[in-house]
>>> print(open('protein17.cif').read())   # mmCIF, C-alpha atoms
data_start
loop_
_atom_site.label_atom_id
_atom_site.label_comp_id
_atom_site.auth_asym_id
_atom_site.auth_seq_id
_atom_site.Cartn_x
_atom_site.Cartn_y
_atom_site.Cartn_z
CA MET A 1 0.00 0.00 0.00
CA SER A 2 1.18 3.48 -0.67
CA GLY A 3 -0.03 5.20 2.48
CA GLY A 4 3.47 6.11 3.61
CA THR A 5 4.86 7.32 0.28
CA SER A 6 3.77 10.89 0.77
CA ASP A 7 6.03 12.29 -1.95
CA ALA A 8 5.45 9.60 -4.58
CA PRO A 9 4.63 11.54 -7.77
CA THR A 10 2.20 8.91 -9.04
CA ASP A 11 0.15 8.72 -5.87
CA LEU A 12 -3.23 9.97 -7.06
CA ILE A 13 -4.59 10.11 -3.52
CA GLU A 14 -1.80 12.46 -2.47
CA ASP A 15 -2.61 14.72 -5.42
CA TYR A 16 -6.29 14.72 -4.44
CA LEU A 17 -5.40 15.59 -0.84
CA ASP A 18 -3.19 18.45 -2.09
CA ARG A 19 -6.13 19.86 -4.04
CA LEU A 20 -8.41 19.37 -1.07
CA LEU A 21 -5.97 21.16 1.25
CA VAL A 22 -5.93 24.32 -0.86
CA SER A 23 -9.73 24.27 -1.21
CA LEU A 24 -10.67 23.80 2.43
CA SER A 25 -11.56 26.76 4.56
CA GLY A 26 -12.06 27.03 8.29
CA SER A 27 -9.71 27.01 11.24
CA PRO A 28 -6.36 25.20 10.91
CA ARG A 29 -7.71 22.48 13.20
CA GLN A 30 -10.85 21.95 11.09
CA VAL A 31 -8.71 21.76 7.97
CA ARG A 32 -6.31 19.24 9.55
CA HIS A 33 -9.17 17.10 10.83
CA THR A 34 -11.03 17.01 7.52
CA LEU A 35 -7.83 16.19 5.68
CA ALA A 36 -7.00 13.34 8.09
CA GLU A 37 -10.56 12.04 7.86
CA VAL A 38 -10.63 12.04 4.08
CA GLU A 39 -7.17 10.50 3.84
CA ALA A 40 -8.25 7.62 6.10
CA HIS A 41 -11.37 7.22 3.95
CA LEU A 42 -9.39 7.11 0.70
CA ARG A 43 -6.82 4.68 2.08
CA ASP A 44 -9.65 2.42 3.28
CA ALA A 45 -11.26 2.50 -0.14
CA GLU A 46 -7.90 1.88 -1.81
CA ALA A 47 -7.21 -1.07 0.52
CA GLU A 48 -10.65 -2.46 -0.28
CA GLY A 49 -9.89 -2.30 -4.00
CA ILE A 50 -6.49 -3.92 -3.59
CA ALA A 51 -8.04 -6.66 -1.42
CA ALA A 52 -10.50 -7.27 -4.27
CA GLY A 53 -7.55 -7.91 -6.60
CA LEU A 54 -7.19 -4.51 -8.28
CA PRO A 55 -3.76 -3.03 -9.05
CA GLU A 56 -2.82 -0.16 -6.72
CA GLU A 57 -3.35 2.61 -9.28
CA THR A 58 -6.73 1.26 -10.37
CA ALA A 59 -7.76 0.94 -6.73
CA GLN A 60 -6.81 4.59 -6.20
CA VAL A 61 -8.76 5.71 -9.27
CA GLN A 62 -11.79 3.79 -8.04
CA ALA A 63 -11.47 5.27 -4.53
CA LEU A 64 -11.32 8.79 -5.99
CA GLU A 65 -14.31 8.17 -8.26
CA ARG A 66 -16.29 6.99 -5.27
CA ILE A 67 -15.47 9.96 -3.07
CA GLY A 68 -16.29 12.45 -5.83
CA PRO A 69 -14.77 15.82 -6.69
CA VAL A 70 -13.01 17.99 -4.12
CA HIS A 71 -15.93 20.42 -3.91
CA ALA A 72 -18.15 17.53 -2.79
CA VAL A 73 -15.99 17.21 0.33
CA THR A 74 -15.77 20.95 0.95
CA GLY A 75 -19.55 21.10 0.70
CA ARG A 76 -19.60 24.13 -1.59
CA PRO A 77 -19.88 24.44 -5.37
CA ALA A 78 -16.43 24.82 -6.95
CA GLY A 79 -17.14 28.43 -7.92
CA LEU A 80 -18.08 29.42 -4.39
CA VAL A 81 -15.06 28.00 -2.60
CA ARG A 82 -13.67 30.71 -0.34
CA PRO A 83 -10.00 31.49 -0.79
CA SER A 84 -7.88 29.16 1.28
CA ALA A 85 -5.02 30.29 3.47
CA ALA A 86 -2.59 28.97 0.85
CA LEU A 87 -4.28 30.96 -1.89
CA LEU A 88 -4.27 34.11 0.24
CA ARG A 89 -0.55 33.59 0.91
CA ARG A 90 0.12 33.14 -2.79
CA LEU A 91 -1.92 36.24 -3.65
CA THR A 92 0.03 38.21 -1.05
CA LEU A 93 3.29 37.02 -2.62
CA THR A 94 2.00 37.97 -6.07
CA ALA A 95 0.97 41.42 -4.89
CA ALA A 96 4.32 41.95 -3.15
CA LEU A 97 6.24 40.90 -6.26
CA ILE A 98 4.24 42.94 -8.76
CA GLY A 99 3.84 45.93 -6.44
CA GLY A 100 7.49 45.87 -5.41
CA ALA A 101 8.74 45.55 -8.97
CA GLY A 102 6.29 48.22 -10.15
CA PHE A 103 7.47 50.75 -7.58
CA VAL A 104 11.10 49.91 -8.30
CA ALA A 105 10.33 50.57 -11.98
CA ILE A 106 8.96 54.00 -11.03
CA GLY A 107 12.22 54.59 -9.13
CA GLY A 108 14.05 53.60 -12.31
CA ALA A 109 11.89 56.07 -14.22
CA GLY A 110 13.20 58.71 -11.85
CA LEU A 111 16.77 57.87 -12.86
CA VAL A 112 15.84 58.04 -16.55
CA GLY A 113 14.03 61.30 -15.84
CA ARG A 114 17.10 62.77 -14.15
CA LEU A 115 19.15 61.86 -17.23
CA LEU A 116 16.58 63.47 -19.53
CA GLN A 117 16.47 66.54 -17.30
CA VAL A 118 20.24 66.94 -17.62
CA LEU A 119 20.18 66.37 -21.38
CA LYS A 120 17.00 68.22 -22.42
CA GLY A 121 16.10 70.56 -19.54
CA ASN A 122 13.05 71.06 -17.33
CA LEU A 123 10.71 72.19 -20.12
CA PHE A 124 11.14 68.78 -21.75
CA MET A 125 10.47 67.08 -18.44
CA THR A 126 7.29 68.75 -17.26
CA THR A 127 4.44 70.97 -18.46
CA PRO A 128 4.02 74.41 -16.85
CA PHE A 129 0.68 75.46 -15.39
CA PRO A 130 -1.30 77.68 -17.77
CA PRO A 131 -1.08 81.43 -16.98
CA GLY A 132 -3.75 82.56 -14.53
CA THR A 133 -3.97 79.27 -12.71
CA TYR A 134 -1.37 80.12 -10.07
CA THR A 135 -0.89 83.03 -7.68
CA GLN A 136 1.88 85.42 -6.80
CA ALA A 137 2.39 83.45 -3.59
CA ASP A 138 2.98 80.31 -5.66
CA CYS A 139 5.53 82.19 -7.75
CA ALA A 140 7.27 83.47 -4.65
CA ARG A 141 7.49 79.95 -3.25
CA TRP A 142 8.92 78.53 -6.52
CA LEU A 143 11.41 81.38 -6.83
CA ALA A 144 12.52 80.84 -3.24
CA GLY A 145 13.33 77.27 -4.16
CA ASP A 146 15.33 78.30 -7.20
CA PRO A 147 17.24 81.52 -6.27
CA GLY A 148 19.30 81.36 -9.51
CA THR A 149 16.38 82.48 -11.70
CA ARG A 150 13.98 85.44 -11.86
CA SER A 151 11.42 83.72 -14.10
CA CYS A 152 8.38 82.31 -12.33
CA VAL A 153 7.80 79.73 -15.12
CA THR A 154 11.42 78.54 -15.02
CA ALA A 155 11.26 78.20 -11.23
CA MET A 156 7.91 76.41 -11.53
CA LEU A 157 9.34 73.91 -14.02
CA ALA A 158 12.35 73.25 -11.79
CA ASP A 159 10.02 72.70 -8.83
CA HIS A 160 7.80 70.31 -10.79
CA ALA A 161 10.77 68.35 -12.12
CA PHE A 162 12.25 68.14 -8.62
CA ASP A 163 8.92 66.92 -7.21
CA TYR A 164 8.73 64.24 -9.92
CA LEU A 165 12.25 63.01 -9.21
CA LEU A 166 11.65 63.08 -5.45
CA GLN A 167 8.40 61.11 -5.73
CA ALA A 168 10.02 58.61 -8.11
CA THR A 169 12.87 58.10 -5.64
CA ALA A 170 10.37 57.56 -2.80
CA CYS A 171 8.50 55.01 -4.94
CA GLY A 172 11.77 53.26 -5.73
CA LEU A 173 12.59 52.91 -2.03
CA LEU A 174 9.07 51.67 -1.32
CA GLY A 175 9.48 49.15 -4.15
CA LEU A 176 12.73 47.87 -2.68
CA ALA A 177 10.95 47.39 0.65
CA GLY A 178 8.18 45.52 -1.19
CA LEU A 179 10.65 43.22 -2.92
CA ALA A 180 12.46 42.61 0.37
CA ALA A 181 9.09 41.67 1.91
CA TYR A 182 8.44 39.39 -1.07
CA LEU A 183 11.76 37.57 -0.62
CA PHE A 184 11.19 37.25 3.13
CA LEU A 185 7.65 35.92 2.74
CA ARG A 186 8.60 33.57 -0.08
CA ARG A 187 11.15 31.91 2.18
CA ARG A 188 8.64 31.75 5.01
CA TRP A 189 5.81 30.36 2.85
CA SER A 190 7.76 27.78 0.88
CA ASP A 191 5.18 24.99 1.36
CA ARG A 192 3.82 23.14 -1.66
CA ALA A 193 0.22 24.21 -1.04
CA THR A 194 1.16 27.88 -1.37
CA ALA A 195 3.36 27.22 -4.40
CA THR A 196 0.56 25.41 -6.26
CA ALA A 197 -2.33 27.67 -5.20
CA LEU A 198 -1.99 29.60 -8.48
CA PRO A 199 -0.68 28.30 -11.82
CA ALA A 200 3.08 28.49 -12.32
CA GLY A 201 4.13 31.84 -13.74
CA ALA A 202 0.85 33.56 -12.80
CA ALA A 203 2.59 36.43 -11.00
CA GLU A 204 5.17 36.91 -13.76
CA GLY A 205 2.49 36.77 -16.46
CA LEU A 206 0.25 39.26 -14.67
CA GLY A 207 3.24 41.54 -14.03
CA ALA A 208 4.21 41.45 -17.72
CA ILE A 209 0.64 42.30 -18.79
CA LEU A 210 0.27 45.18 -16.32
CA ALA A 211 3.71 46.63 -17.10
CA GLY A 212 3.03 46.25 -20.83
CA ILE A 213 -0.26 48.14 -20.51
CA ALA A 214 1.49 50.88 -18.49
CA ALA A 215 4.23 51.16 -21.14
CA VAL A 216 1.71 51.46 -23.98
CA ALA A 217 -0.27 54.09 -22.06
CA CYS A 218 2.86 56.12 -21.30
CA PHE A 219 4.19 55.97 -24.86
CA GLY A 220 0.74 56.95 -26.12
CA GLN A 221 0.92 60.04 -23.91
CA VAL A 222 4.41 60.76 -25.24
CA VAL A 223 3.08 60.74 -28.81
CA ASP A 224 0.18 62.94 -27.77
CA LEU A 225 2.41 65.50 -26.02
CA GLU A 226 4.90 65.45 -28.88
CA THR A 227 2.08 66.20 -31.33
CA VAL A 228 -0.01 68.65 -29.32
CA GLN A 229 2.59 70.42 -27.15
CA ARG A 230 5.59 70.00 -29.46
CA GLY A 231 7.59 68.03 -26.93
CA ILE A 232 6.85 70.08 -23.80
CA GLY A 233 6.47 67.81 -20.75
CA VAL A 234 7.37 64.65 -22.65
CA GLY A 235 10.09 63.65 -20.18
CA GLU A 236 7.81 62.33 -17.41
CA PRO A 237 5.72 59.90 -19.50
CA LEU A 238 8.78 58.99 -21.58
CA SER A 239 10.81 58.00 -18.52
CA LEU A 240 7.84 56.11 -17.06
CA GLY A 241 7.24 54.37 -20.40
CA ILE A 242 10.86 53.27 -20.68
CA ALA A 243 10.81 51.93 -17.10
CA ALA A 244 7.49 50.15 -17.70
CA ALA A 245 8.80 48.58 -20.92
CA VAL A 246 11.90 47.34 -19.10
CA ALA A 247 9.70 45.94 -16.30
CA ALA A 248 7.45 44.22 -18.86
CA GLY A 249 10.50 42.69 -20.51
CA ALA A 250 11.88 41.51 -17.16
CA PHE A 251 8.54 39.96 -16.19
CA ALA A 252 8.25 38.29 -19.60
CA PHE A 253 11.75 36.83 -19.25
CA ALA A 254 10.94 35.61 -15.72
CA LEU A 255 7.74 34.02 -17.06
CA TRP A 256 9.61 32.25 -19.85
CA HIS A 257 12.22 31.03 -17.36
CA ARG A 258 9.58 29.82 -14.91
CA LEU A 259 7.61 27.91 -17.54
CA ARG A 260 10.78 26.36 -18.95
CA THR A 261 11.78 25.18 -15.47
CA VAL A 262 8.34 23.65 -14.90
CA ARG A 263 8.46 21.93 -18.30
CA MET A 264 11.91 20.50 -17.59
CA ARG A 265 10.74 19.16 -14.23
CA THR A 266 7.77 17.38 -15.74
CA THR A 267 9.67 15.74 -18.63
CA MET B 1 -32.57 30.35 -6.71
CA ASP B 2 -32.80 26.60 -6.36
CA THR B 3 -31.29 25.20 -9.54
CA GLY B 4 -31.45 21.54 -8.60
CA PRO B 5 -30.65 19.02 -5.96
CA PRO B 6 -27.20 18.83 -4.41
CA SER B 7 -24.93 16.11 -5.73
CA TYR B 8 -25.34 13.95 -2.67
CA LEU B 9 -28.93 13.36 -3.63
CA VAL B 10 -28.05 11.63 -6.85
CA LEU B 11 -28.88 8.20 -5.60
CA LEU B 12 -28.97 5.12 -7.75
CA GLY B 13 -32.47 4.08 -8.69
CA VAL B 14 -34.10 6.90 -6.77
CA LYS B 15 -34.82 10.32 -8.22
CA ALA B 16 -32.71 12.87 -6.42
CA GLU B 17 -35.38 15.49 -5.94
CA LYS B 18 -37.52 13.04 -4.00
CA LEU B 19 -34.78 12.45 -1.46
CA LYS B 20 -33.74 16.05 -1.05
CA GLY B 21 -33.20 16.87 2.56
CA HIS B 22 -33.19 13.30 3.81
CA LEU B 23 -29.45 12.69 4.02
CA ASP B 24 -29.37 14.07 7.56
CA LEU B 25 -32.06 11.62 8.60
CA LEU B 26 -30.20 8.74 6.92
CA LEU B 27 -26.94 9.62 8.68
CA LEU B 28 -28.61 10.03 12.06
CA SER B 29 -30.35 6.72 11.55
CA VAL B 30 -27.15 4.90 10.59
CA LEU B 31 -25.31 6.31 13.61
CA SER B 32 -28.17 5.42 15.95
CA ARG B 33 -27.00 1.79 15.59
CA GLY B 34 -23.66 2.72 17.10
CA PRO B 35 -20.71 5.10 16.66
CA GLY B 36 -18.73 4.97 13.44
CA HIS B 37 -16.23 6.80 11.25
CA GLY B 38 -17.07 8.29 7.86
CA TYR B 39 -16.16 5.27 5.77
CA GLU B 40 -18.07 2.99 8.12
CA VAL B 41 -21.14 5.23 7.94
CA ILE B 42 -21.11 5.06 4.15
CA THR B 43 -20.65 1.29 4.18
CA ARG B 44 -23.56 0.86 6.59
CA LEU B 45 -25.71 3.13 4.45
CA LYS B 46 -25.00 0.99 1.38
CA VAL B 47 -25.60 -2.27 3.20
CA ARG B 48 -28.82 -1.11 4.83
CA SER B 49 -30.19 0.21 1.55
CA ASP B 50 -29.20 -2.99 -0.28
CA GLY B 51 -26.88 -0.91 -2.44
CA ALA B 52 -29.61 1.47 -3.56
CA PHE B 53 -27.96 4.57 -2.10
CA GLN B 54 -24.80 5.17 -4.10
CA LEU B 55 -23.71 8.73 -3.44
CA PRO B 56 -20.41 10.54 -3.98
CA GLU B 57 -18.87 9.47 -0.69
CA GLY B 58 -17.18 12.82 -0.09
CA THR B 59 -20.54 14.52 0.33
CA VAL B 60 -21.11 12.66 3.58
CA TYR B 61 -18.37 14.66 5.33
CA PRO B 62 -19.86 18.14 5.03
CA ALA B 63 -23.16 16.64 6.18
CA LEU B 64 -21.51 14.99 9.20
CA HIS B 65 -19.70 18.25 10.05
CA ARG B 66 -22.92 20.22 9.72
CA LEU B 67 -24.75 17.80 12.03
CA GLU B 68 -21.91 18.05 14.51
CA GLY B 69 -22.04 21.85 14.30
CA ALA B 70 -25.77 21.67 15.03
CA GLY B 71 -25.07 19.58 18.13
CA LEU B 72 -26.80 16.46 16.79
CA LEU B 73 -23.53 14.52 16.54
CA ALA B 74 -20.31 14.56 18.51
CA SER B 75 -16.96 13.17 17.46
CA GLY B 76 -13.68 11.98 18.91
CA TRP B 77 -10.47 10.57 17.49
CA ASP B 78 -9.42 6.96 17.82
CA VAL B 79 -7.04 4.56 16.11
CA VAL B 80 -8.93 1.83 14.26
CA ALA B 81 -7.17 -0.82 12.12
CA GLY B 82 -3.94 1.15 12.34
CA ARG B 83 -5.42 4.41 11.11
CA ARG B 84 -6.39 7.52 13.07
CA ARG B 85 -10.10 8.08 12.58
CA ARG B 86 -12.78 10.48 13.61
CA ILE B 87 -15.59 8.53 15.25
CA TYR B 88 -19.05 10.09 15.26
CA HIS B 89 -21.84 9.32 17.67
CA LEU B 90 -25.33 10.61 18.29
CA THR B 91 -25.87 13.15 21.04
CA MET B 92 -29.06 13.38 23.10
CA ALA B 93 -30.22 16.17 20.81
CA GLY B 94 -29.38 13.95 17.83
CA GLU B 95 -31.50 11.13 19.21
CA ALA B 96 -34.40 13.49 19.72
CA ALA B 97 -33.99 14.93 16.21
CA LEU B 98 -33.86 11.43 14.74
CA ALA B 99 -37.05 10.41 16.53
CA GLU B 100 -38.84 13.54 15.37
CA GLN B 101 -37.64 13.35 11.75
CA ALA B 102 -38.30 9.60 11.53
CA ALA B 103 -41.84 10.13 12.79
CA GLN B 104 -42.41 12.89 10.24
CA TRP B 105 -41.03 10.70 7.45
CA GLN B 106 -43.18 7.72 8.44
CA GLU B 107 -46.25 9.89 8.57
CA PHE B 108 -45.40 11.33 5.14
CA SER B 109 -44.56 7.98 3.56
CA GLY B 110 -47.65 6.38 5.09
CA SER B 111 -49.82 9.09 3.56
CA MET B 112 -48.09 8.69 0.20
CA THR B 113 -48.57 4.92 0.29
CA ARG B 114 -52.24 5.28 1.08
CA VAL B 115 -52.78 7.81 -1.71
CA LEU B 116 -50.71 5.87 -4.23
CA GLY B 117 -52.20 2.55 -3.17
CA ALA B 118 -55.63 3.75 -4.20
CA ALA B 119 -54.44 5.01 -7.58
CA VAL B 120 -51.69 2.55 -8.42
CA GLY B 121 -53.70 -0.59 -7.66
CA PRO B 122 -56.13 -0.22 -10.61
CA ALA B 123 -53.34 1.07 -12.83
CA LEU B 124 -51.23 -1.99 -12.11
CA ALA B 125 -54.20 -4.22 -12.69
CA THR B 126 -54.84 -2.51 -16.03
CA ALA B 127 -51.21 -2.84 -17.02
CA GLY B 128 -51.29 -6.52 -16.03
CA GLY B 129 -54.44 -7.04 -18.07
CA MET B 130 -52.96 -5.40 -21.13
CA ALA B 131 -49.83 -7.54 -20.86
#
>>> encode(input="protein17.cif", output="structure tokens")
Amino acid sequence: MSGGTSDAPTDLIEDYLDRLLVSLSGSPRQVRHTLAEVEAHLRDAEAEGIAAGLPEETAQVQALERIGPVHAVTGRPAGLVRPSAALLRRLTLTAALIGGAGFVAIGGAGLVGRLLQVLKGNLFMTTPFPPGTYTQADCARWLAGDPGTRSCVTAMLADHAFDYLLQATACGLLGLAGLAAYLFLRRRWSDRATATALPAGAAEGLGAILAGIAAVACFGQVVDLETVQRGIGVGEPLSLGIAAAVAAGAFAFALWHRLRTVRMRTT
Amino acid sequence: MDTGPPSYLVLLGVKAEKLKGHLDLLLLSVLSRGPGHGYEVITRLKVRSDGAFQLPEGTVYPALHRLEGAGLLASGWDVVAGRRRRIYHLTMAGEAALAEQAAQWQEFSGSMTRVLGAAVGPALATAGGMA
């Protein structure tokens, strides 16, 4: 009998119990008890089949047919199964990875923006407020921040560009914290149930899609600003678009690598 | 919206809709003969119904847990035949619920039999005559 071979890859009952584990909700004790109960049931049914002369695998198939699908044991239709602890852990990891990488990409956009600022100036980086939409007090504040100029618009542009770079830097640091949290949690939640709660490469695939959409949106804005404003304020969306495109590429590469690893393991 | 009977009511030879809601009574009845674990309960159910009640066995567990949550069953863990098992038994409230539900069922089935007996008798006779 295969009751003790918990890691045997061909043990269909173990696979069923894995699926049941990630579908069960309730307190940890309720989950453990139900799992133990169902495992004893399946092993009994398997033993009955083997005693009747069936090969082990056939006896397992028969035992699984008799017990029915996982949602029969959980007592809820498959579509209404509440997220399990493993799924919540995996979703947290996914959010930490995508969020962390996204914020790091914004930090990277800040670096690109700083380069563009040096090369093309503040007017390329950011759009000034239209005349009449700001006050003398605003001007005084911007000029105080940029004592080297007497032009309110020039000081305003410098202030806006500085704000953009400052916010991008803050996002970058937040992203690094998110990625650190992701690495910490991934090590802590390294159990199989968490790893299999979502399809392999789900986080990388979602990250690639979101970053790709962000890149397209940013480059679309670049084209719009280039056409309508003749290049004024292009720097911000351009730097964000470049960072988003790099992030999309990195996620896509990670997805390809993940799927290739999975394929190699299964063949 | 009620879109149909739950899967546990798909019983061999018996239309599911007719048995809707009676699994609790069946489980209480089976456990009234003595404590048992899930697999044992299912086996007893099959034996006592002469194999008529073939249900996805997994559906028994949510029902057992629900009955335990309602205080009609209680459970404890024991090692039987080398395996750790959860053994269910009827509580006092479970015994009372079983008595009440069994009485209701017998009253219902008695009424059905009386009504059907009056109608089915001539129909059977006609069918026999035609054959």
>>> interface_residues(input="protein17.cif", of="chain A", to="chain B", cutoff="9 Å", atoms="all atoms listed in the file", output="MDAnalysis selection string")
chainID A and resid 33:34 36:38 40:42 44:45 65:76
>>> resolve_selection(input="protein17.cif", expression="the PyMOL selection byres ((chain A and resi 106) around 12)", output="ChimeraX atom specification")
/A:99-105,107-113,164-176,211,214-215,236-247
>>> atom_distance(input="protein17.cif", atom1="CA of Val223 (chain A)", atom2="CA of Ala208 (chain A)")
22.3 Å
>>> closest_residue(input="protein17.cif", among="A:Phe219, A:Ala203, A:Ala161, A:Leu225", to="Leu116 (chain A)", atoms="only C-alpha atoms")
A:Ala161
>>> atom_distance(input="protein17.cif", atom1="CA of Leu87 (chain A)", atom2="CA of Val22 (chain A)")
6.9 Å
>>> resolve_selection(input="protein17.cif", expression="the PyMOL selection byres ((chain A and resi 193) around 10)", output="VMD selection string")
chain A and resid 18 to 23 84 to 87 89 to 90 189 to 192 194 to 198
>>> atom_distance(input="protein17.cif", atom1="CA of Ile232 (chain A)", atom2="CA of Ala217 (chain A)")
17.6 Å
>>> resolve_selection(input="protein17.cif", expression="the PyMOL selection byres ((chain A and resi 254) around 10)", output="ChimeraX atom specification")
/A:201,203-205,207-208,248-253,255-260
>>> residues_around(input="protein17.cif", residues="region 93-106 of chain B", least_positions_apart="3", cutoff="7 Å", atoms="all atoms listed in the file", output="list in words")
Leu25, Leu28, Ser29, Gly71, Leu72, Leu73, Leu90, Ser109 and Gly110 of chain B
>>> closest_residue(input="protein17.cif", among="B:Ser75, B:Val80, B:Gly51, B:His89", to="Leu27 (chain B)", atoms="only C-alpha atoms")
B:His89
>>> residues_around(input="protein17.cif", residues="Arg230 (chain A)", least_positions_apart="5", cutoff="12 Å", atoms="only C-alpha atoms", output="list of chain:residue names")
A:Leu123, A:Phe124, A:Thr127, A:Val222, A:Val223, A:Asp224, A:Leu225
>>> closest_residue(input="protein17.cif", among="A:Ala96, A:Ile50, A:Leu17, A:Ala177", to="Leu64 (chain A)", atoms="all atoms listed in the file")
A:Leu17
>>> residues_around(input="protein17.cif", residues="Ala47 (chain A)", least_positions_apart="3", cutoff="9 Å", atoms="only C-alpha atoms", output="list in words")
Met1, Leu42, Arg43, Asp44, Ile50, Ala51, Ala52, Glu56, Ala59 and Gln60 of chain A
>>> closest_residue(input="protein17.cif", among="B:Leu116, B:Asp24, B:Phe108, B:Gly36", to="Ala70 (chain B)", atoms="only C-alpha atoms")
B:Asp24
